[in-house]
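Note: the block below is work-v2.cif and it holds mmCIF, C-alpha atoms.
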data_structure
loop_
_atom_site.label_atom_id
_atom_site.label_comp_id
_atom_site.auth_asym_id
_atom_site.auth_seq_id
_atom_site.Cartn_x
_atom_site.Cartn_y
_atom_site.Cartn_z
CA MET R 241 116.72 189.09 151.35
CA VAL R 242 118.73 191.26 148.99
CA ARG R 243 117.25 191.51 145.52
CA LYS R 244 119.54 191.16 142.57
CA LYS R 245 120.32 194.36 140.73
CA GLU R 246 118.06 194.73 137.70
CA GLN R 247 119.87 194.41 134.43
CA LYS R 248 119.61 197.28 132.00
CA LYS R 249 117.15 196.45 129.23
CA THR R 250 118.07 196.74 125.57
CA LEU R 251 115.81 198.54 123.10
CA MET R 252 114.49 195.23 121.80
CA GLN R 253 113.81 193.99 125.34
CA SER R 254 111.98 197.25 126.11
CA MET R 255 109.80 196.55 123.10
CA GLY R 256 108.85 193.18 124.51
CA VAL R 257 111.56 191.00 122.97
CA THR R 258 112.72 188.90 125.91
CA ARG R 259 115.55 187.03 124.20
CA THR R 260 118.55 188.68 122.59
CA VAL R 261 118.50 187.90 118.87
CA ILE R 262 121.59 188.19 116.69
CA ARG R 263 120.63 188.28 113.05
CA PRO R 264 122.06 185.46 110.96
CA ARG R 265 124.69 186.48 108.41
CA GLU R 266 122.27 186.02 105.51
CA GLU R 267 120.10 188.79 106.98
CA SER R 268 122.88 191.26 107.76
CA ASP R 269 125.41 190.81 104.93
CA ILE R 270 124.39 192.82 101.86
CA ARG R 271 125.96 190.15 99.64
CA LEU R 272 123.59 187.52 101.05
CA ARG R 273 120.42 189.30 102.15
CA GLU R 274 117.41 190.07 99.97
CA ASP R 275 118.01 193.03 97.67
CA ARG R 276 114.82 195.09 97.67
CA ILE R 277 116.11 197.97 95.57
CA GLY R 278 118.71 196.42 93.24
CA ARG R 279 116.25 196.48 90.35
CA TYR R 280 116.62 200.28 90.18
CA PHE R 281 120.39 200.04 89.60
CA LYS R 282 120.45 197.26 86.99
CA LYS R 283 120.24 199.89 84.23
CA TYR R 284 123.84 200.86 84.98
CA LEU R 285 125.06 197.29 84.49
CA ASN R 286 123.91 197.39 80.86
CA LYS R 287 126.81 199.77 80.14
CA PHE R 288 129.43 197.12 80.90
CA VAL R 289 130.95 194.30 78.92
CA PHE R 290 133.25 191.74 80.50
CA VAL R 291 136.73 190.72 79.35
CA GLU R 292 139.67 188.88 80.92
CA PHE R 293 143.21 190.08 81.53
CA SER R 294 145.83 188.64 79.24
CA GLU R 295 148.56 186.40 80.65
CA ASP R 296 151.08 189.04 79.59
CA PHE R 297 149.37 191.63 81.79
CA LEU R 298 148.92 189.20 84.68
CA SER R 299 152.61 188.37 84.65
CA ARG R 300 153.31 191.98 85.71
CA ALA R 301 150.26 192.76 87.86
CA LYS R 302 150.41 192.99 91.65
CA ALA R 303 147.14 191.11 92.17
CA ALA R 304 147.68 188.49 89.45
CA ASP R 305 146.93 185.58 91.77
CA VAL R 306 143.35 186.82 92.36
CA MET R 307 142.80 188.35 88.91
CA ARG R 308 143.37 185.21 86.85
CA GLY R 309 140.16 183.85 85.33
CA VAL R 310 138.03 186.74 86.64
CA PRO R 311 136.16 188.75 83.96
CA ILE R 312 136.65 192.48 84.42
CA PRO R 313 133.98 195.09 83.61
CA LEU R 314 134.63 197.74 80.98
CA ARG R 315 132.29 200.41 79.72
CA ARG R 316 131.66 200.04 76.04
CA LYS R 317 133.74 203.05 75.07
CA GLU R 318 136.71 201.58 77.00
CA VAL R 319 136.70 198.33 75.04
CA LYS R 320 138.44 199.84 72.00
CA THR R 321 141.21 201.25 74.19
CA PHE R 322 141.59 197.90 75.94
CA ALA R 323 141.55 195.90 72.70
CA GLY R 324 143.82 198.37 70.88
CA GLY R 325 146.69 197.72 73.23
CA ASP R 326 146.69 201.18 74.83
CA GLY R 327 145.37 199.73 78.06
CA VAL R 328 142.85 200.99 80.59
CA PRO R 329 144.06 202.51 83.88
CA MET R 330 143.63 200.24 86.89
CA THR R 331 141.80 203.05 88.69
CA ILE R 332 139.14 202.98 85.94
CA ILE R 333 138.86 199.20 86.17
CA ALA R 334 138.58 199.50 89.96
CA GLU R 335 135.77 202.04 89.66
CA ASN R 336 133.97 199.78 87.18
CA MET R 337 134.19 196.88 89.63
CA VAL R 338 132.78 199.13 92.34
CA TRP R 339 129.80 200.07 90.20
CA VAL R 340 129.07 196.47 89.31
CA ILE R 341 129.05 195.17 92.89
CA GLY R 342 127.28 198.29 94.16
CA CYS R 343 124.52 197.80 91.61
CA ASP R 344 124.32 194.08 92.31
CA PRO R 345 125.96 192.80 95.52
CA HIS R 346 124.83 189.30 94.50
CA PHE R 347 126.91 189.47 91.31
CA LYS R 348 128.75 186.21 90.53
CA TYR R 349 132.21 187.77 90.86
CA THR R 350 131.59 190.11 93.80
CA GLU R 351 133.87 188.11 96.10
CA ASP R 352 136.62 188.10 93.45
CA TYR R 353 136.37 191.87 92.93
CA VAL R 354 136.56 192.41 96.68
CA LYS R 355 139.76 190.33 96.87
CA ILE R 356 141.33 192.15 93.91
CA LEU R 357 140.57 195.65 95.18
CA ASN R 358 141.54 194.86 98.75
CA LYS R 359 144.90 193.64 97.54
CA ILE R 360 145.52 196.76 95.43
CA TYR R 361 144.20 199.27 97.98
CA ASN R 362 145.52 197.68 101.19
CA ASN R 363 142.16 196.50 102.59
CA LYS R 364 140.82 200.04 103.00
CA MET R 365 138.28 200.03 100.17
CA PHE R 366 135.28 200.10 102.51
CA GLU R 367 136.42 203.47 103.92
CA ILE R 368 137.35 204.87 100.50
CA LEU R 369 133.97 203.95 99.05
CA MET R 370 132.08 205.37 102.02
CA LYS R 371 133.70 208.74 101.31
CA GLU R 372 132.96 208.41 97.60
CA GLY R 373 129.32 207.81 98.42
CA ARG R 374 129.19 210.65 100.91
CA ASP R 375 130.67 213.08 98.36
CA ALA R 376 128.10 211.98 95.77
CA ALA R 377 125.30 212.49 98.30
CA GLU R 378 126.60 216.00 99.04
CA ARG R 379 126.22 216.70 95.29
CA GLY R 380 122.69 215.31 95.30
CA GLU R 381 123.68 212.35 93.08
CA MET R 382 121.79 209.79 95.11
CA ASP R 383 122.03 206.78 92.77
CA ASP R 384 125.81 207.25 92.70
CA ALA R 385 125.89 207.62 96.50
CA CYS R 386 123.74 204.58 97.12
CA ILE R 387 125.80 202.42 94.77
CA HIS R 388 129.04 203.37 96.53
CA PHE R 389 127.58 202.75 100.00
CA ARG R 390 126.34 199.34 98.86
CA ALA R 391 129.76 198.57 97.39
CA SER R 392 131.43 199.60 100.65
CA LEU R 393 129.19 197.18 102.54
CA CYS R 394 130.31 194.41 100.17
CA PHE R 395 133.80 194.89 101.63
CA GLN R 396 132.72 195.18 105.27
CA TYR R 397 129.07 194.43 105.84
CA ASP R 398 128.95 195.85 109.38
CA TYR R 399 130.94 199.07 108.79
CA LEU R 400 129.14 201.68 110.90
CA HIS R 401 129.53 204.70 108.60
CA SER R 402 128.44 202.85 105.47
CA MET R 403 125.44 201.27 107.21
CA TYR R 404 124.39 204.69 108.51
CA SER R 405 124.97 206.48 105.21
CA TYR R 406 123.23 203.78 103.17
CA ALA R 407 120.13 203.90 105.39
CA ARG R 408 120.07 207.70 105.15
CA ALA R 409 120.52 207.61 101.38
CA CYS R 410 117.54 205.26 101.04
CA ARG R 411 115.53 207.63 103.21
CA VAL R 412 116.40 210.66 101.05
CA MET R 413 115.57 208.72 97.89
CA TYR R 414 112.07 207.67 98.92
CA GLU R 415 111.29 211.12 100.29
CA ASN R 416 111.97 212.56 96.84
CA SER R 417 109.82 210.12 94.86
CA ARG R 418 106.09 209.86 94.22
CA ASN R 419 106.25 206.34 92.81
CA GLU R 420 104.36 204.13 95.26
CA GLU R 421 106.37 200.95 94.65
CA TYR R 422 109.72 202.76 94.66
CA VAL R 423 108.81 204.55 97.90
CA GLY R 424 107.68 201.30 99.51
CA ARG R 425 110.87 199.44 98.62
CA PHE R 426 113.25 202.21 99.71
CA LYS R 427 111.27 202.91 102.88
CA ALA R 428 111.45 199.24 103.88
CA GLU R 429 115.19 199.19 103.08
CA ALA R 430 115.84 202.33 105.14
CA LEU R 431 113.87 201.03 108.13
CA ASP R 432 115.60 197.65 108.05
CA TRP R 433 119.09 199.15 107.85
CA PHE R 434 118.43 201.65 110.65
CA GLU R 435 117.24 198.74 112.80
CA LEU R 436 120.26 196.67 111.80
CA LEU R 437 122.55 199.64 112.52
CA THR R 438 121.22 200.06 116.06
CA GLU R 439 121.50 196.32 116.71
CA THR R 440 125.08 196.19 115.40
CA HIS R 441 126.29 199.51 116.87
CA PRO R 442 124.03 200.10 119.88
CA ARG R 443 126.01 203.10 121.15
CA PHE R 444 125.77 205.08 117.91
CA ALA R 445 123.23 207.76 118.75
CA MET R 446 122.31 208.87 115.24
CA GLY R 447 121.07 205.41 114.34
CA PHE R 448 118.38 205.74 117.03
CA TYR R 449 117.66 209.34 115.98
CA TYR R 450 116.64 208.33 112.46
CA LEU R 451 115.10 205.03 113.53
CA GLY R 452 112.71 207.00 115.74
CA TYR R 453 111.58 209.07 112.78
CA GLN R 454 111.17 205.93 110.63
CA TYR R 455 108.85 204.48 113.27
CA LEU R 456 106.99 207.77 113.63
CA ASN R 457 106.34 207.93 109.89
CA ILE R 458 104.61 204.55 109.92
CA GLY R 459 102.58 205.26 113.04
CA LEU R 460 104.56 203.13 115.52
CA TYR R 461 104.63 205.75 118.26
CA LYS R 462 105.76 203.57 121.14
CA LYS R 463 108.70 202.23 119.13
CA ALA R 464 109.59 205.80 118.12
CA VAL R 465 109.73 206.88 121.77
CA LEU R 466 111.82 203.85 122.78
CA ALA R 467 114.30 204.54 119.96
CA TRP R 468 114.56 208.21 120.94
CA GLU R 469 115.08 207.34 124.58
CA GLU R 470 118.12 205.33 123.45
CA PHE R 471 119.26 208.33 121.39
CA LEU R 472 119.12 210.57 124.48
CA LYS R 473 121.36 208.14 126.38
CA PHE R 474 124.23 208.54 123.93
CA THR R 475 124.01 211.97 122.31
CA HIS R 476 125.72 215.08 123.67
CA ASN R 477 124.24 217.51 121.16
CA LYS R 478 122.09 219.98 123.14
CA LYS R 479 120.05 221.14 120.16
CA ASP R 480 119.06 217.63 119.19
CA ARG R 481 118.41 216.58 122.77
CA LYS R 482 115.93 219.45 123.01
CA GLU R 483 114.31 218.47 119.70
CA ILE R 484 113.85 214.83 120.65
CA ARG R 485 112.61 215.58 124.17
CA HIS R 486 109.97 217.80 122.56
CA ARG R 487 109.04 215.00 120.15
CA ILE R 488 108.67 212.54 123.01
CA GLU R 489 106.40 214.95 124.87
CA GLN R 490 104.26 215.36 121.74
CA LEU R 491 103.84 211.60 121.53
CA GLU R 492 102.65 211.02 125.10
CA ASP R 493 98.98 210.89 124.08
CA PRO R 494 99.49 209.04 120.76
CA VAL R 495 101.50 206.39 122.66
CA ARG R 496 98.69 205.95 125.18
CA ILE R 497 96.11 205.76 122.39
CA GLU R 498 98.26 203.24 120.54
CA GLY R 499 98.44 201.17 123.72
CA GLY R 500 94.67 201.33 124.13
CA CYS R 501 94.15 200.19 120.54
CA LEU R 502 96.57 197.31 121.15
CA ASP R 503 94.56 196.33 124.22
CA ILE R 504 91.40 196.18 122.09
CA THR R 505 92.97 194.05 119.35
CA SER R 506 94.52 191.78 122.01
CA GLY R 507 91.15 191.10 123.64
CA ARG R 508 91.71 193.30 126.71
CA TYR R 509 88.54 195.24 125.99
CA GLU R 510 87.87 196.86 129.36
CA GLU R 511 91.48 198.04 129.70
CA GLY R 512 91.46 199.40 126.17
CA LEU R 513 88.17 201.24 126.60
CA ALA R 514 89.38 202.76 129.87
CA VAL R 515 92.40 204.19 128.05
CA LEU R 516 90.57 205.40 124.93
CA GLU R 517 87.29 206.84 126.27
CA PRO R 518 88.85 209.95 127.92
CA TYR R 519 90.22 211.01 124.52
CA LEU R 520 86.68 211.56 123.21
CA GLN R 521 86.85 214.94 124.99
CA SER R 522 90.32 215.80 123.66
CA GLN R 523 91.96 217.14 120.53
CA TYR R 524 91.82 213.58 119.18
CA LYS R 525 88.01 213.46 119.10
CA ASN R 526 88.05 213.87 115.29
CA TRP R 527 90.66 211.13 114.76
CA TRP R 528 88.67 208.34 113.10
CA PRO R 529 90.85 205.40 114.34
CA LEU R 530 89.93 206.38 117.92
CA HIS R 531 86.23 205.86 117.15
CA TYR R 532 86.92 202.69 115.15
CA TYR R 533 88.76 200.95 118.00
CA LEU R 534 86.18 202.15 120.52
CA GLY R 535 83.52 200.63 118.28
CA LEU R 536 85.38 197.32 118.21
CA GLY R 537 85.74 197.39 121.99
CA TYR R 538 82.08 198.22 122.58
CA GLN R 539 80.86 195.52 120.20
CA ALA R 540 83.08 192.88 121.80
CA SER R 541 81.83 193.97 125.24
CA GLY R 542 78.18 193.59 124.22
CA ARG R 543 77.52 197.34 124.00
CA THR R 544 76.13 197.22 120.47
CA PRO R 545 74.33 200.62 120.43
CA ASP R 546 77.53 202.35 121.56
CA ALA R 547 79.48 200.42 118.90
CA VAL R 548 77.07 201.52 116.16
CA ALA R 549 77.34 205.13 117.31
CA GLU R 550 81.16 205.01 117.17
CA PHE R 551 81.25 203.30 113.77
CA LYS R 552 78.92 205.97 112.37
CA LYS R 553 81.28 208.65 113.71
CA VAL R 554 84.08 206.94 111.78
CA LEU R 555 82.08 207.21 108.55
CA MET R 556 81.33 210.89 109.21
CA ILE R 557 85.09 211.52 109.25
CA ASN R 558 86.25 208.84 106.76
CA GLY R 559 83.27 208.02 104.58
CA SER R 560 84.91 205.21 102.60
CA HIS R 561 86.40 203.13 105.43
CA LEU R 562 85.45 199.62 104.38
CA GLU R 563 86.32 197.84 107.63
CA THR R 564 83.89 200.06 109.52
CA MET R 565 81.15 199.37 106.98
CA ARG R 566 81.75 195.64 107.27
CA GLU R 567 81.48 195.87 111.07
CA LEU R 568 78.16 197.70 110.75
CA LEU R 569 76.92 195.21 108.15
CA ALA R 570 77.72 192.31 110.52
CA ILE R 571 75.75 194.03 113.29
CA TYR R 572 72.73 194.64 111.02
CA GLU R 573 72.86 191.07 109.74
CA ALA R 574 72.76 189.81 113.33
CA GLN R 575 69.75 192.06 113.92
CA ASP R 576 68.13 191.03 110.61
CA ASP R 577 67.80 194.74 109.73
CA LYS R 578 67.08 194.25 106.02
CA GLN R 579 67.04 197.96 105.17
CA ASN R 580 70.49 198.62 106.58
CA ILE R 581 71.76 195.30 105.19
CA ARG R 582 70.81 196.44 101.68
CA LYS R 583 72.17 199.94 102.33
CA PHE R 584 75.60 198.88 103.55
CA SER R 585 75.94 195.95 101.15
CA GLU R 586 75.44 198.37 98.25
CA LYS R 587 77.84 200.93 99.74
CA ILE R 588 80.52 198.29 100.20
CA ARG R 589 80.05 197.05 96.63
CA LEU R 590 80.32 200.55 95.14
CA ILE R 591 83.40 201.48 97.19
CA GLU R 592 85.13 198.17 96.39
CA GLU R 593 84.52 198.73 92.67
CA ALA R 594 85.73 202.33 92.86
CA GLN R 595 88.84 201.27 94.80
CA ALA R 596 89.57 198.45 92.36
CA GLU R 597 89.33 200.91 89.47
CA GLU R 598 91.56 203.41 91.25
CA GLN R 599 94.09 200.69 92.11
CA ALA R 600 94.17 199.60 88.46
CA LYS R 601 94.89 203.18 87.39
CA GLN R 602 97.58 203.57 90.03
CA LEU R 603 99.14 200.25 89.02
CA GLU R 604 99.28 201.34 85.38
CA GLU R 605 100.85 204.67 86.32
CA THR R 606 103.28 202.93 88.68
CA GLU R 607 104.36 200.48 85.97
CA LYS R 608 105.01 203.35 83.55
CA GLU R 609 106.97 205.22 86.18
CA ASN R 610 108.88 202.04 87.10
CA LYS R 611 110.00 201.58 83.49
CA LYS R 612 111.23 205.16 83.48
CA ILE R 613 113.05 204.79 86.80
CA GLU R 614 114.60 201.48 85.75
CA THR R 615 115.86 202.71 82.37
CA GLU R 616 116.70 206.41 82.71
CA GLU R 617 119.61 207.74 84.72
CA ALA R 618 118.63 209.64 87.85
CA GLN R 619 119.08 213.40 87.91
CA PRO R 620 120.82 215.12 90.84
CA LEU R 621 118.52 216.42 93.54
CA PRO R 622 117.80 220.17 93.53
CA ALA R 623 119.92 222.12 96.00
CA GLU R 624 117.06 222.59 98.48
CA LYS R 625 116.53 218.80 98.70
CA ILE R 626 120.16 217.89 99.42
CA GLU R 627 120.95 216.75 102.97
CA SER R 628 124.35 216.94 104.63
CA PHE R 629 126.12 213.60 104.90
CA ASP R 630 129.07 215.04 106.82
CA MET R 631 130.16 212.34 109.28
CA ALA R 632 131.58 215.01 111.59
CA GLU R 633 127.96 215.88 112.40
CA ALA R 634 127.30 212.32 113.53
CA ASP R 635 130.57 212.23 115.48
CA GLU R 636 129.61 215.41 117.31
CA MET R 637 126.19 214.02 118.18
CA THR R 638 127.65 210.82 119.60
CA GLY R 639 130.36 212.65 121.47
CA SER R 640 133.01 210.59 119.70
CA ASP R 641 135.48 211.07 116.90
CA THR R 642 135.17 208.29 114.37
CA SER R 643 136.56 210.35 111.52
CA GLY R 644 140.10 209.19 112.31
CA ASP R 645 139.48 205.77 110.78
CA ALA R 646 138.32 207.31 107.53
CA LYS R 647 141.27 209.70 107.45
CA ALA R 648 143.67 206.86 108.08
CA GLY R 649 142.00 204.89 105.31
CA LEU R 650 142.42 207.73 102.85
CA ALA R 651 146.05 208.19 103.82
CA GLU R 652 146.68 204.52 103.16
CA ALA R 653 144.76 204.79 99.90
CA GLU R 654 147.01 207.61 98.79
CA ALA R 655 150.03 205.49 99.63
CA ALA R 656 148.46 202.62 97.72
CA GLU R 657 148.15 204.82 94.65
CA THR R 658 151.76 204.04 93.87
CA ASP R 659 150.77 200.39 93.52
CA ALA R 660 147.77 201.36 91.41
CA ALA R 661 149.98 203.49 89.19
CA GLU R 662 152.27 200.52 88.67
CA ALA R 663 149.28 198.44 87.68
CA GLU R 664 148.26 201.17 85.23
CA ALA R 665 151.73 201.14 83.75
CA ASP R 666 151.42 197.39 83.29
CA GLY R 667 148.17 197.95 81.45
CA GLY R 668 149.57 200.63 79.13
CA ALA R 669 148.76 204.30 78.62
CA ALA R 670 145.40 205.61 79.74
CA GLY R 671 142.69 206.27 77.19
CA PRO R 672 140.77 209.56 76.70
CA LYS R 673 139.63 211.18 79.94
CA GLU R 674 135.93 210.95 80.73
CA LYS R 675 134.15 214.13 81.77
CA GLU R 676 131.33 212.41 83.63
CA ARG R 677 133.44 209.99 85.65
CA LYS R 678 136.70 210.63 87.48
CA PRO R 679 138.92 207.68 88.43
CA LEU R 680 138.72 206.18 91.89
CA VAL R 681 141.34 207.42 94.41
CA LYS R 682 142.54 210.29 92.18
CA ARG R 683 139.15 211.86 92.72
CA LEU R 684 139.62 211.48 96.47
CA ARG R 685 142.81 213.49 96.46
CA LYS R 686 141.21 216.59 95.01
#
What would you get if you wrote out this structure as structure tokens?
Amino acid sequence: MVRKKEQKKTLMQSMGVTRTVIRPREESDIRLREDRIGRYFKKYLNKFVFVEFSEDFLSRAKAADVMRGVPIPLRRKEVKTFAGGDGVPMTIIAENMVWVIGCDPHFKYTEDYVKILNKIYNNKMFEILMKEGRDAAERGEMDDACIHFRASLCFQYDYLHSMYSYARACRVMYENSRNEEYVGRFKAEALDWFELLTETHPRFAMGFYYLGYQYLNIGLYKKAVLAWEEFLKFTHNKKDRKEIRHRIEQLEDPVRIEGGCLDITSGRYEEGLAVLEPYLQSQYKNWWPLHYYLGLGYQASGRTPDAVAEFKKVLMINGSHLETMRELLAIYEAQDDKQNIRKFSEKIRLIEEAQAEEQAKQLEETEKENKKIETEEAQPLPAEKIESFDMAEADEMTGSDTSGDAKAGLAEAEAAETDAAEAEADGGAAGPKEKERKPLVKRLRK
């Protein structure tokens, strides 16, 4: 009997997911999904006031049919120019709209702004904004970059380059912060978008490259290896292939140990112990989780003396590990060992109090830092912290050339500038030039 040819497994299937899952739109569209990090951009929205176009202006505007009744954002210093009859250039208004929806994709008029800008810039805004964000990232202006990538995703939620760049921007931002809450939010956002990127564009190698490192940084070694194996299938970059192969080799033992720990927590005690015990004579003998999971396995298998010995080794390496102390306390309570019951009960109480005090201090410091982050404008990263966001690098690593779409988009944007200029003429002469902010599209042509 001829066996059917085995189907190639996806990354998710390799991880144990047996059914292909397509995320619902509310989990993949930035305008609908939970916004973990929007709170850090709300400070920029405070600079805007909202006004409506006059009927006189709308009678001459190209996008009048979608502009009518939609409040437009102006920075406070632009209001006088607008109210004085001099007008505000459409490129400035467009940039303001971009900042508003990039700061808050859930904004009430996001859909209206998308329609207006698509009409003016020939439905290429998502590519234009990706380049704007990339240029900001190359300058180390990560808030600016992140806002433009988020705005781009408001126009096309599954645009490969913006998904990739946004996830990378979040990664850079948490790596350069010491605020625990900020780091946690941006790390979760980066991980989720790298996962979403690989699900949406499963042949884009660099998504798997960074996803592997995200998993590695949170101790998910098996997932890191599976992601990197996908990377190796699609990349043609010899240097990076060598790097990732080396990483995979380094993780051979951690992956086995992780599997053994999973066996223990899943109730497969004998299998888990068989995997973990040989590592007691290896370089991992001073890794306290190894002893902790061995202790759990021994205790569940009825080998209480061996469990106690392993738990004590944990405390020799990590003297304040509460879970280990609680395991030992449970053993001594079962044995009615009053001396050790008193000893470990007191230790647990003292450590819990010390941890509660430390957590209170950290919470206070975090709240102070949060207020600062949420009210003060971010400073550019120092030169040594800036990463390259050049998409040609990603194209080279995937063996493809996706830069053509962006170039085409910019060419169309330049052609669309004629329309924007006409809209500016309708609005009147431009006001004073701003040093800190160049108009959208004109900036792209420099």
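CA of Ala445 (chain R) is positioned 5.3 Å from CA of Phe474 (chain R).
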Practice prompt. Given the file shown, enumerate the residues that the PyMOL selection byres ((chain R and resi 437) around 9) captures and present them as an MDAnalysis selection string.
Written response: chainID R and resid 398 400 403:404 407 432:436 438:442 444 447:448
Practice prompt. Just give me the gap between CA of Tyr353 (chain R) and CA of Arg265 (chain R) in Å, one decimal is fine.
Written response: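 Distance reported for this atom pair: 20.1 Å.
Shown here are all protein and nucleic acid residues lying within 7 Å of (95.4, 213.4, 123.5), with all atoms listed in the file considered: Asp493, Pro494, Tyr519, Ser522, Gln523 and Tyr524 of chain R.
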Keeping C-alpha atoms, export the residues of the selection given above as a PDB file, in the coordinates of the input.
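Contents of again.pdb, as written:
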ATOM      1  CA  ASP R 493      98.980 210.890 124.080  1.00  0.00           C
ATOM      2  CA  PRO R 494      99.490 209.040 120.760  1.00  0.00           C
ATOM      3  CA  TYR R 519      90.220 211.010 124.520  1.00  0.00           C
ATOM      4  CA  SER R 522      90.320 215.800 123.660  1.00  0.00           C
ATOM      5  CA  GLN R 523      91.960 217.140 120.530  1.00  0.00           C
ATOM      6  CA  TYR R 524      91.820 213.580 119.180  1.00  0.00           C
TER       7      TYR R 524
END
Worksheet entry | Residue neighbourhood region 604-610 of chain R, 12 Å, all atoms listed in the file, exclusion window fewer than 2 positions, as a PyMOL selection string | chain R and resi 277+279-281+283+417-425+597-602+612-616
Item to complete: Using the chain letters and numbers from the file, give me the residues hit by the PyMOL selection byres ((chain R and resi 374) around 12), as a VMD selection string.
Response: chain R and resid 367 to 373 375 to 390 392 401 to 406 408 to 409 626 to 632 646 684
Worksheet item: Care to translate the PyMOL selection byres ((chain R and resi 564-576) around 8) into actual residues of this file, as a VMD selection string?
Response: chain R and resid 532 544 548 551 554 to 555 561 to 563 577 to 578 580 to 581 584 to 585 588
